[in-house]
Structure formats: structure tokens, C-alpha cells
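What follows is coords_11.txt (compact mmCIF, C-alpha atoms).
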# COMPACT_ATOMS: atom_id res chain seq x y z
CA MET O 4 27.96 -83.51 108.52
CA ASN O 5 26.73 -83.85 112.10
CA ASN O 6 24.38 -86.64 110.99
CA PHE O 7 27.31 -89.04 110.52
CA PRO O 8 27.66 -91.73 113.18
CA LEU O 9 30.03 -90.85 116.02
CA ASP O 10 32.48 -93.65 115.19
CA TYR O 11 32.73 -92.45 111.62
CA GLN O 12 33.36 -88.87 112.78
CA ASN O 13 36.04 -90.09 115.18
CA GLN O 14 37.67 -92.03 112.38
CA ILE O 15 37.72 -88.97 110.13
CA ILE O 16 39.18 -86.86 112.93
CA LEU O 17 41.84 -89.52 113.51
CA ALA O 18 42.48 -89.62 109.76
CA ILE O 19 43.10 -85.86 109.80
CA GLY O 20 45.02 -85.79 113.06
CA LEU O 21 47.48 -88.61 112.55
CA PRO O 22 48.96 -87.52 109.19
CA SER O 23 49.22 -83.90 110.30
CA ASN O 24 50.84 -84.96 113.56
CA SER O 25 53.31 -87.13 111.68
CA LEU O 26 54.04 -84.24 109.32
CA SER O 27 54.60 -81.93 112.29
CA MET O 28 56.95 -84.41 113.93
CA LEU O 29 58.93 -84.79 110.71
CA ALA O 30 59.01 -81.04 110.23
CA THR O 31 60.22 -80.32 113.75
CA SER O 32 62.85 -83.08 113.47
CA PHE O 33 64.02 -81.47 110.23
CA VAL O 34 64.43 -78.10 111.97
CA LEU O 35 66.35 -79.71 114.84
CA ALA O 36 68.61 -81.63 112.41
CA LEU O 37 69.26 -78.49 110.38
CA TYR O 38 70.18 -76.59 113.52
CA PHE O 39 72.61 -79.19 114.84
CA LEU O 40 74.26 -79.83 111.46
CA ASN O 41 74.87 -76.17 110.62
CA PRO O 42 77.05 -74.14 112.95
CA SER O 43 76.08 -70.95 111.09
CA LEU O 44 72.52 -71.38 112.40
CA GLN O 45 73.59 -71.89 115.98
CA ASN O 46 72.91 -68.38 117.22
CA PHE O 47 70.48 -66.99 119.76
CA PRO O 48 67.44 -66.15 117.54
CA PHE O 49 67.55 -69.55 115.83
CA ARG O 50 68.09 -71.26 119.18
CA LEU O 51 64.81 -69.74 120.38
CA ILE O 52 63.05 -71.23 117.36
CA VAL O 53 64.64 -74.59 118.12
CA TYR O 54 63.24 -74.44 121.67
CA LEU O 55 59.80 -73.63 120.27
CA GLN O 56 60.07 -76.50 117.80
CA THR O 57 61.16 -78.91 120.54
CA ALA O 58 57.97 -78.04 122.43
CA ASP O 59 56.00 -78.53 119.19
CA PHE O 60 57.58 -81.93 118.75
CA ILE O 61 56.56 -82.98 122.26
CA MET O 62 52.98 -81.80 121.65
CA SER O 63 52.77 -83.62 118.31
CA PHE O 64 54.23 -86.76 119.85
CA GLY O 65 51.63 -86.62 122.62
CA GLN O 66 48.83 -86.46 120.08
CA PHE O 67 50.47 -89.11 117.93
CA MET O 68 50.33 -91.48 120.92
CA ASN O 69 46.70 -92.22 119.92
CA VAL O 70 48.23 -94.82 117.61
CA PHE O 71 49.56 -96.82 120.55
CA MET O 72 46.22 -97.05 122.34
CA PRO O 73 43.30 -97.32 119.97
CA ASN O 74 40.91 -98.65 122.61
CA TYR O 75 41.85 -96.50 125.56
CA ARG O 76 38.26 -95.44 126.11
CA SER O 77 37.00 -98.97 126.49
CA GLY O 78 39.13 -100.48 129.26
CA ASP O 79 41.20 -99.70 132.31
CA ASP O 80 44.30 -101.42 130.93
CA ASP O 81 45.48 -98.30 129.16
CA TYR O 82 44.62 -95.97 132.02
CA PHE O 83 48.29 -95.17 132.69
CA LEU O 84 49.04 -94.59 129.01
CA CYS O 85 46.01 -92.33 128.73
CA HIS O 86 47.22 -90.18 131.64
CA LEU O 87 50.73 -90.14 130.23
CA GLN O 88 49.40 -88.95 126.90
CA ALA O 89 47.34 -86.23 128.59
CA TYR O 90 50.44 -85.09 130.51
CA ILE O 91 52.66 -85.01 127.40
CA CYS O 92 50.04 -83.14 125.35
CA GLN O 93 49.44 -80.64 128.12
CA TYR O 94 53.16 -80.15 128.72
CA GLY O 95 53.91 -79.70 125.01
CA ALA O 96 51.06 -77.25 124.49
CA LEU O 97 51.89 -75.14 127.56
CA SER O 98 55.57 -75.13 126.65
CA THR O 99 54.75 -74.00 123.09
CA MET O 100 52.58 -71.16 124.36
CA ILE O 101 55.20 -70.06 126.88
CA TRP O 102 57.94 -70.09 124.23
CA ALA O 103 55.76 -67.98 121.93
CA ILE O 104 55.26 -65.50 124.80
CA ILE O 105 59.02 -65.54 125.54
CA ILE O 106 59.90 -64.87 121.89
CA THR O 107 57.51 -61.92 121.71
CA THR O 108 58.78 -60.51 125.01
CA LEU O 109 62.39 -60.80 123.87
CA MET O 110 61.57 -59.02 120.63
CA ALA O 111 60.13 -56.16 122.67
CA LEU O 112 63.12 -56.16 125.05
CA SER O 113 65.56 -56.12 122.16
CA LEU O 114 64.36 -52.61 121.32
CA ASN O 115 66.20 -51.36 124.41
CA MET O 116 68.72 -54.13 125.12
CA THR O 117 71.43 -55.80 123.08
CA LEU O 118 71.08 -59.47 122.13
CA LYS O 119 74.15 -60.33 124.21
CA ALA O 120 72.55 -58.83 127.30
CA ILE O 121 69.37 -60.84 126.67
CA GLU O 122 71.35 -64.02 126.01
CA LYS O 123 72.61 -63.93 129.62
CA TYR O 124 69.10 -64.85 130.77
CA GLU O 125 68.93 -67.96 128.58
CA LYS O 126 69.02 -70.38 131.51
CA ASN O 127 66.09 -68.59 133.15
CA LEU O 128 64.23 -68.69 129.85
CA ILE O 129 64.79 -72.45 129.58
CA PHE O 130 63.42 -72.85 133.09
CA MET O 131 60.34 -70.83 132.15
CA GLY O 132 59.86 -72.59 128.83
CA PHE O 133 60.55 -76.22 129.77
CA HIS O 134 60.58 -76.74 133.54
CA PHE O 135 57.70 -74.51 134.57
CA PRO O 136 55.13 -76.19 132.24
CA ALA O 137 56.34 -79.60 133.46
CA LEU O 138 55.39 -78.61 137.01
CA LEU O 139 52.17 -76.96 135.91
CA SER O 140 51.07 -79.99 133.88
CA ILE O 141 51.24 -82.25 136.93
CA MET O 142 48.22 -80.36 138.27
CA MET X 1 28.74 -87.30 136.77
CA GLN X 2 27.73 -83.86 135.45
CA GLU X 3 29.65 -82.18 138.27
CA ASN X 4 32.74 -84.14 137.28
CA GLU X 5 32.35 -83.06 133.66
CA LEU X 6 31.96 -79.44 134.72
CA LEU X 7 35.06 -79.70 136.91
CA MET X 8 37.06 -81.22 134.05
CA ASP X 9 35.86 -78.47 131.69
CA LEU X 10 36.82 -75.77 134.16
CA LEU X 11 40.22 -77.33 134.80
CA MET X 12 40.87 -77.61 131.07
CA PHE X 13 39.70 -74.03 130.61
CA PHE X 14 42.04 -72.65 133.28
CA MET X 15 45.04 -74.85 132.53
CA TYR X 16 44.95 -74.67 128.75
CA TYR X 17 42.65 -72.18 127.09
CA LEU X 18 43.16 -69.35 129.53
CA PHE X 19 46.91 -69.66 128.89
CA LEU X 20 46.33 -69.85 125.16
CA TRP X 21 44.07 -66.80 125.04
CA PHE X 22 46.42 -64.85 127.25
CA ALA X 23 49.29 -65.76 124.88
CA MET X 24 47.24 -64.74 121.84
CA ILE X 25 46.16 -61.38 123.26
CA TYR X 26 49.59 -60.62 124.74
CA ASN X 27 51.35 -61.48 121.48
CA SER X 28 48.95 -59.32 119.46
CA PHE X 29 49.48 -56.27 121.68
CA VAL X 30 53.26 -56.64 121.95
CA MET X 31 53.69 -57.28 118.23
CA PHE X 32 51.64 -54.17 117.50
CA TYR X 33 53.80 -52.14 119.92
CA ILE X 34 57.05 -53.47 118.39
CA ARG X 35 55.92 -52.73 114.84
CA ARG X 36 54.93 -49.18 115.77
CA THR X 37 58.17 -48.51 117.64
CA LEU X 38 60.33 -49.94 114.86
CA LYS X 39 58.50 -47.84 112.29
CA LYS X 40 59.12 -44.73 114.35
CA LEU X 41 62.81 -45.61 114.74
CA LYS X 42 63.12 -46.24 111.00
CA ASP X 43 61.40 -42.93 110.19
CA MET X 44 63.89 -41.16 112.46
CA ASN X 45 66.76 -43.05 110.74
CA LEU X 46 67.81 -44.58 114.05
CA MET X 47 67.33 -48.11 112.79
CA ASN X 48 69.87 -49.07 110.17
CA ASN X 49 70.68 -52.69 110.98
CA GLU X 50 68.42 -55.66 110.49
CA HIS X 51 66.64 -56.08 113.79
CA PHE X 52 66.24 -59.32 115.76
CA TYR X 53 62.51 -58.83 115.12
CA GLU X 54 62.97 -59.32 111.37
CA LYS X 55 64.32 -62.83 111.87
CA ILE X 56 61.51 -64.23 113.97
CA LYS X 57 58.59 -61.80 113.63
CA PHE X 58 56.10 -64.32 112.23
CA PHE X 59 56.45 -67.00 114.91
CA PRO X 60 54.18 -65.35 117.51
CA LEU X 61 51.70 -64.56 114.71
CA VAL X 62 51.39 -68.26 113.81
CA LEU X 63 50.20 -68.95 117.34
CA ILE X 64 47.48 -66.32 116.97
CA ILE X 65 46.30 -67.44 113.53
CA TRP X 66 46.60 -71.19 114.11
CA TRP X 67 44.63 -71.27 117.34
CA VAL X 68 41.64 -69.09 116.39
CA VAL X 69 39.45 -71.94 115.11
CA PRO X 70 40.31 -74.34 117.98
CA SER X 71 39.41 -71.57 120.44
CA ILE X 72 36.09 -70.88 118.72
CA HIS X 73 35.34 -74.61 118.70
CA ARG X 74 36.16 -75.02 122.38
CA LEU X 75 34.09 -71.98 123.35
CA TYR X 76 31.16 -73.23 121.29
CA MET X 77 31.40 -76.63 122.95
CA MET X 78 31.49 -75.08 126.40
CA VAL X 79 28.53 -72.79 125.79
CA TYR X 80 26.19 -75.01 123.74
CA ARG X 81 27.34 -78.43 125.03
CA GLU X 82 27.38 -79.86 121.52
CA ASP X 83 29.92 -80.45 118.80
CA ILE X 84 30.11 -79.24 115.20
CA PHE X 85 31.97 -81.79 113.16
CA ILE X 86 33.56 -79.43 110.66
CA LEU X 87 34.85 -77.19 113.46
CA ALA X 88 36.19 -80.25 115.28
CA ALA X 89 37.99 -81.39 112.12
CA ILE X 90 39.59 -77.95 111.59
CA HIS X 91 40.45 -77.89 115.31
CA VAL X 92 42.28 -81.22 115.02
CA PHE X 93 44.04 -80.13 111.83
CA CYS X 94 45.25 -76.81 113.31
CA GLU X 95 46.34 -78.37 116.58
CA SER X 96 48.27 -81.13 114.83
CA SER X 97 49.90 -79.06 112.11
CA TYR X 98 51.19 -76.23 114.32
CA GLY X 99 54.73 -77.65 114.27
CA PHE X 100 54.62 -77.94 110.49
CA ALA X 101 53.49 -74.30 110.17
CA ASN X 102 56.42 -73.19 112.33
CA MET X 103 58.80 -75.26 110.22
CA MET X 104 57.50 -73.63 107.02
CA LEU X 105 58.22 -70.20 108.50
CA TYR X 106 61.67 -71.36 109.56
CA ALA X 107 62.41 -72.72 106.08
CA LEU X 108 61.31 -69.42 104.50
CA ASN X 109 63.99 -67.50 106.38
CA PRO X 110 66.54 -66.40 103.70
CA LYS X 111 69.53 -67.75 105.64
CA VAL X 112 67.89 -71.14 106.22
CA LYS X 113 66.67 -71.20 102.61
CA LYS X 114 70.25 -70.79 101.37
CA ILE X 115 71.46 -73.63 103.59
CA ILE X 116 68.66 -75.94 102.44
CA GLU X 117 69.45 -75.15 98.80
CA LYS X 118 73.11 -75.91 99.46
CA LYS X 119 72.22 -79.23 101.10
CA ILE X 120 69.91 -80.20 98.23
CA ARG X 121 72.67 -79.37 95.75
CA GLY X 122 74.99 -81.54 97.84
CA LEU X 123 72.69 -84.48 97.22
CA PHE X 124 73.49 -84.48 93.49
CA SER X 125 75.58 -87.33 92.19
CA LYS X 126 79.28 -86.83 91.50
CA GLU X 127 78.74 -86.71 87.74
CA GLU X 128 76.10 -84.05 88.06
CA LYS X 129 78.37 -82.18 90.42
CA LYS X 130 81.18 -82.40 87.88
CA MET X 131 78.85 -81.18 85.17
CA ILE X 132 77.85 -78.24 87.31
CA GLU X 133 81.50 -77.50 88.07
CA ASP X 134 82.37 -77.69 84.36
CA ASN X 135 79.49 -75.37 83.55
CA THR X 136 80.60 -72.88 86.17
CA LEU X 137 84.17 -73.14 84.85
CA ASP X 138 82.92 -72.45 81.33
CA LEU X 139 80.88 -69.57 82.58
CA ASN X 140 83.90 -68.23 84.48
CA SER X 141 86.10 -68.45 81.43
CA ALA X 142 83.40 -66.79 79.36
CA ASN X 143 83.15 -64.03 81.93
CA THR X 144 86.91 -63.45 81.98
CA GLU X 145 86.90 -63.30 78.18
CA ASP X 146 84.13 -60.73 78.32
CA LEU X 147 86.06 -58.75 80.88
CA ASN X 148 89.21 -58.91 78.76
CA SER X 149 87.32 -57.76 75.74
CA ASP X 150 85.87 -54.91 77.83
CA ASN X 151 89.36 -53.93 78.91
CA SER X 152 90.67 -54.03 75.38
CA TYR X 153 87.75 -51.87 74.34
CA ARG X 154 88.65 -49.41 77.07
CA LYS X 155 92.31 -49.45 76.03
CA VAL X 156 91.41 -48.66 72.42
CA ASN X 157 89.16 -45.86 73.58
CA ASN X 158 91.87 -44.42 75.80
Can I see the file as C-alpha cells?
Amino acid sequence: MNNFPLDYQNQIILAIGLPSNSLSMLATSFVLALYFLNPSLQNFPFRLIVYLQTADFIMSFGQFMNVFMPNYRSGDDDYFLCHLQAYICQYGALSTMIWAIIITTLMALSLNMTLKAIEKYEKNLIFMGFHFPALLSIM
Amino acid sequence: MQENELLMDLLMFFMYYLFLWFAMIYNSFVMFYIRRTLKKLKDMNLMNNEHFYEKIKFFPLVLIIWWVVPSIHRLYMMVYREDIFILAAIHVFCESSYGFANMMLYALNPKVKKIIEKKIRGLFSKEEKKMIEDNTLDLNSANTEDLNSDNSYRKVNN
């Protein structure tokens, strides 16, 4: 497979990446819609999943941005877009990882604490999951 | 030029993959600890209610499973300075479909499943809805008849 020309390989990778990114974006939008339309799902555990899915959506959108700049390697015109895409991808990926760590930590904490006690720290968790990666990605 | 490439690789390694591998290892250890503790609590009959863990236990696992191949690919690229196409393709697929995998887990949750089923049923046309209602009415009447017959049977026996 490595004997294929580089352009062809890039095309195949794009052909795999774009549909799966679109599918991911649709899937995450579906989860968000389901959450907002159903009050019975609006509790703390499901809210954590919604945060994770929001981060997933941002990451998928960042990768999907390839569609808007097919020739970004060839010229300087799309330099800004290229950096923006890198920032969005990095932010989405870091946020996803941090939310996965947060969910695991909360599961461990819930062995000794009640959910209501954990819920009090939600604002701090949002800072860790969304604001902290935004600062980190600037680097 | 090569120095720049090395710097970019190192930056990417520290800012992305180090985080990812930390998350994977941390999640594995904590999940193992939680499972063991919950099992102990259940054995001691101290755990009667459905735990928070049961609702979202697979989400950290998806991160571990979904990012194994991309990690192997990235490590291979860093060490051997060359690319394997099939690994790159799987890498792209896993990276892009992570959100979809999470959604599948979410949709498999019994509570969410019920709501989705309800919504799909809600999409039926009015006639179909009426038919379903009629059917349920028939079934209800049939059930009440059965119950009545059961009662009469009991009365005779008494």
C-alpha cells in the first residue's frame, strides 16, 4: 500500500476522514439535541456526557475544516485558516481528553461522595474542561 | 529545517500525545480501582442502588480503545521517520469517529434508548398512531376480559 503515490494516499485519507468527521458531527449534534429536548435527561451524569460530546464536536469540526481549505499547503493565503484549524483541533482534542479524565475521577470520587456534593464543583469542572485547554492550546 | 521539524514533533508530543497517554493510563488504573471497589462493596451487600458508575462506565474506556492505533502510528512515525499507509488510514478513522463512538454508547444507555424509541414512535403518521391506539385498546379489552374470566374462575372455585 505504501507504493501508492502520495497524492493518492492523501486522497484516500481525506476520503476516510471527511465522512467519519461528518458522521461524528451529526452524532454529537444528535446527543446535544436529545439532551436539550428531554428534561428527563438533564441530570448531572448526562450533562457530563454532553460536555464530552461538545468537545468531540469541536474536534470533529476542526478536522472537517479541511474542506474549506483544500490547498492550504500550497500558498500563504490560507495561513490564518490553517492556524485556526490547528487551534480548534488541538483545543477539541485536549478538551475531550480532560473531560474523559474528569469523568473517570468523578466516578472514583462518587464512591465516597454523593452526586449532589460533586455537583457543587461543576463550575470548576467546566473551567478545567473548556477554559484550561483553550489557554493551553494557544501555546 | 530539520531542527524545526524536531521542535514541532517535540511540541506535538508534549502538548498532545503526552496528555493522551496520561489520560489513557490514568483512566485504565482508576477504572480498575473503581471496578474492584464496587465488587467488594457488592460482595459485602453495601451497594444496593445503581451506581453513577453504571451510567457512564464505558466512556473513559472508549478513549483508551479508540486511541491505541493512533498512538502506535504516531510513535512509529517518531521513531522510524516514515509512514505506514494502513496505520495512517486507521489513525484518521479512529480520530474522526471518536464522537460517533461516544454517541453509540450514549444511545445504548437504557434510559436514552427508551426516549429514542418514543421519539421514533412519535414520527408515525396519525393513522398509524390511531391504528396503534386501536390495537392497544383491543389488547386492553382482551386483557380485562381475561382478567374477568380469571375472577369468575376463582369465584366458582371458592
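Residues surrounding Met68 of chain O within 10 Å are Leu21, Asn24, Leu84, Cys85, Leu87, Gln88, Ala89, Ile91 and Cys92 of chain O [all atoms listed in the file; sequence separation below 6 positions excluded].
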Just want the 9 Å neighbourhood of segment 5-18 of chain X, counted on all atoms listed in the file, with same-chain residues fewer than 2 positions away dropped. Output as a list of chain:residue names. O:Gln93, O:Ala96, O:Leu97, O:Leu139, O:Ser140, O:Met142, X:Met1, X:Gln2, X:Glu3, X:Leu20, X:Trp21, X:Phe22, X:Ala23, X:Ser71, X:Arg74, X:Met78
For atom CA of Cys94 of chain X and atom CA of Trp66 of chain X, quote the distance in Å rounded to one decimal. 5.8 Å
Given the point (54.7, -64.1, 117.4) in the coordinates of this file, which residues lie within 7 Å, counting all atoms listed in the file, and how would they look as a list in words?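 Collected hits near the coordinates: Ala103, Ile106 and Thr107 of chain O; Asn27, Met31, Lys57, Phe58, Phe59, Pro60, Leu61, Val62 and Leu63 of chain X.
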Suppose you want the space between atom CA of Leu35 of chain O and atom CA of Phe49 of chain O; what is it in Å? 10.3 Å
Closest atom pairs, chain X residues within 9 Å of chain O, all atoms listed in the file, as a Markdown table:
| residue | atom | partner | partner_atom | distance |
| --- | --- | --- | --- | --- |
| X:Met15 | CA | O:Ser140 | CA | 8.0 |
| X:Tyr16 | CA | O:Leu97 | CA | 7.1 |
| X:Phe19 | CA | O:Met100 | CA | 7.4 |
| X:Leu20 | CA | O:Met100 | CA | 6.4 |
| X:Ala23 | CA | O:Ile104 | CA | 6.0 |
| X:Met24 | CA | O:Ile104 | CA | 8.6 |
| X:Tyr26 | CA | O:Ile104 | CA | 7.5 |
| X:Asn27 | CA | O:Thr107 | CA | 6.2 |
| X:Val30 | CA | O:Thr107 | CA | 6.8 |
| X:Met31 | CA | O:Thr107 | CA | 6.9 |
| X:Tyr33 | CA | O:Ala111 | CA | 8.0 |
| X:Ile34 | CA | O:Ala111 | CA | 5.9 |
| X:Thr37 | CA | O:Leu114 | CA | 8.3 |
| X:Leu38 | CA | O:Leu114 | CA | 8.1 |
| X:His51 | CA | O:Ser113 | CA | 8.4 |
| X:Phe52 | CA | O:Met110 | CA | 6.8 |
| X:Tyr53 | CA | O:Met110 | CA | 5.6 |
| X:Lys55 | CA | O:Pro48 | CA | 7.3 |
| X:Ile56 | CA | O:Pro48 | CA | 7.2 |
| X:Lys57 | CA | O:Met110 | CA | 8.1 |
| X:Phe59 | CA | O:Ala103 | CA | 7.1 |
| X:Pro60 | CA | O:Ala103 | CA | 5.4 |
| X:Leu61 | CA | O:Ala103 | CA | 9.0 |
| X:Leu63 | CA | O:Ala103 | CA | 7.3 |
| X:Asp83 | CA | O:Asn5 | CA | 8.2 |
| X:Ile84 | CA | O:Asn5 | CA | 6.5 |
| X:Phe85 | CA | O:Asn5 | CA | 5.7 |
| X:Ile86 | CA | O:Met4 | CA | 7.3 |
| X:Ala88 | CA | O:Ile16 | CA | 7.6 |
| X:Ala89 | CA | O:Ile16 | CA | 5.7 |
| X:Ile90 | CA | O:Ile19 | CA | 8.8 |
| X:Val92 | CA | O:Gly20 | CA | 5.7 |
| X:Phe93 | CA | O:Gly20 | CA | 5.9 |
| X:Cys94 | CA | O:Ser23 | CA | 8.7 |
| X:Glu95 | CA | O:Gly20 | CA | 8.3 |
| X:Ser96 | CA | O:Asn24 | CA | 4.8 |
| X:Ser97 | CA | O:Ser23 | CA | 5.2 |
| X:Tyr98 | CA | O:Ser27 | CA | 6.9 |
| X:Gly99 | CA | O:Ser27 | CA | 4.7 |
| X:Phe100 | CA | O:Ser27 | CA | 4.4 |
| X:Ala101 | CA | O:Ser27 | CA | 8.0 |
| X:Asn102 | CA | O:Gln56 | CA | 7.4 |
| X:Met103 | CA | O:Ala30 | CA | 5.8 |
| X:Met104 | CA | O:Ala30 | CA | 8.2 |
| X:Tyr106 | CA | O:Val34 | CA | 7.7 |
| X:Ala107 | CA | O:Val34 | CA | 8.2 |
| X:Lys111 | CA | O:Leu44 | CA | 8.2 |
| X:Val112 | CA | O:Leu44 | CA | 7.7 |
| X:Ile115 | CA | O:Asn41 | CA | 8.2 |
| X:Ile116 | CA | O:Leu37 | CA | 8.4 |
Report, in Å with one decimal, the straight-line distance from atom CA of His86 of chain O to atom CA of Gly65 of chain O. 10.7 Å
